[in-house]
Each structure stands twice: as structure tokens, then as C-alpha cells.
Amino acid sequence: MSGKFYCMTVRMNIDCNGCYQRIRRALLNMQDLESHLIDRKQHRVSVCGAFVPQDVAIKLRKRTNRRVEILEIKEVDAGGGGEQPPEGGGGGQQS
């Protein structure tokens, strides 16, 4: 297992419910991932965990038979509970 904690965003075609379920199943079966988010409208998949980003992209490509385009990779310090957004309410003001 890699010591580095990454958050990676990839673009994938998510055309129908079957595509969504295939991607979701592939992500749930990967052991190294801490969390994932599938954004159907923007065709983006975000994953976080201690993994090698290229390996996850390759696994996702093989298991879903869909093109995977890596948009962003962020390396996060897994040590001391870094910058985590507050969960819940979202009391920010919008104008």
C-alpha cells in the first residue's frame, strides 16, 4: 500500500444508469479507495485514498471498458488531519 494519500478527478462517459452502476461497482471493489464521488451531469468521477493514481485509472479503464481521462491529481498529507471541508449544513451565503 502506498504511503501517500491522493484525491484524483477523472472524466468518464456516464451515459445511462448501466454505465453509472458499472463505474460504481468497479470503485466499490477497489480496496485502496477511501471515498468516491460520481458526478453524472459533469461526467466526472472523484476518488480519494492511498493509491497510485495511474493504477486506479488503468483498473477503472479495464473494469468498465470506458475511456478514462485524468483531469486532476492532488497529493494530500495523510498525517495530521489536514484541510477537510466541514460536513453538513453548508451555511455559506450566496448572493
# chains A, B, ... in the order shown; residues from 1 in each chain; ligands from 1
$ select_by_dssp --residues "stretch 3-84 of chain A" --states "helix (DSSP H, G or I)" --output "ChimeraX atom specification"
/A:17-28,53-64
$ write_last_selection --atoms "C-alpha atoms" --output "CSV table (one decimal), in the first residue's frame"
chain,number,residue,atom,x,y,z
A,17,ASN,CA,-27.9,4.0,-15.4
A,18,GLY,CA,-26.0,0.9,-16.5
A,19,CYS,CA,-22.8,2.9,-17.1
A,20,TYR,CA,-23.2,4.5,-13.7
A,21,GLN,CA,-23.7,1.2,-12.0
A,22,ARG,CA,-20.7,-0.3,-13.8
A,23,ILE,CA,-18.4,2.5,-12.6
A,24,ARG,CA,-19.8,2.4,-9.1
A,25,ARG,CA,-19.3,-1.4,-8.8
A,26,ALA,CA,-15.7,-1.1,-10.1
A,27,LEU,CA,-15.0,1.7,-7.5
A,28,LEU,CA,-16.6,-0.3,-4.6
A,53,PRO,CA,-3.3,7.3,-9.4
A,54,GLN,CA,-2.2,5.7,-12.7
A,55,ASP,CA,-3.0,2.2,-11.4
A,56,VAL,CA,-6.5,3.2,-10.4
A,57,ALA,CA,-7.1,4.8,-13.8
A,58,ILE,CA,-6.0,1.7,-15.5
A,59,LYS,CA,-8.1,-0.6,-13.3
A,60,LEU,CA,-11.1,1.7,-13.9
A,61,ARG,CA,-10.5,1.5,-17.7
A,62,LYS,CA,-10.2,-2.3,-17.7
A,63,ARG,CA,-13.2,-3.0,-15.5
A,64,THR,CA,-15.6,-0.5,-17.1
$ closest_residue --among "A:Asp77, A:Val68, A:Lys41, A:Gly49" --to "A:Asp15" --atoms "only C-alpha atoms"
A:Lys41
$ residues_around --residues "stretch 69-73 of chain A" --least-positions-apart "5" --cutoff "7 Å" --atoms "only C-alpha atoms" --output "PyMOL selection string"
chain A and resi 6-12
$ residues_around --residues "A:Glu34" --least-positions-apart "2" --cutoff "9 Å" --atoms "only C-alpha atoms" --output "ChimeraX atom specification"
/A:31-32,36,47-50
$ atom_distance --atom1 "atom CA of A:Asn13" --atom2 "atom CA of A:Ser46"
13.6 Å
$ atom_distance --atom1 "atom CA of A:Arg66" --atom2 "atom CA of A:Cys16"
12.8 Å
$ closest_residue --among "A:Ile14, A:Asn29, A:Lys74, A:Asp39" --to "A:Val52" --atoms "only C-alpha atoms"
A:Lys74
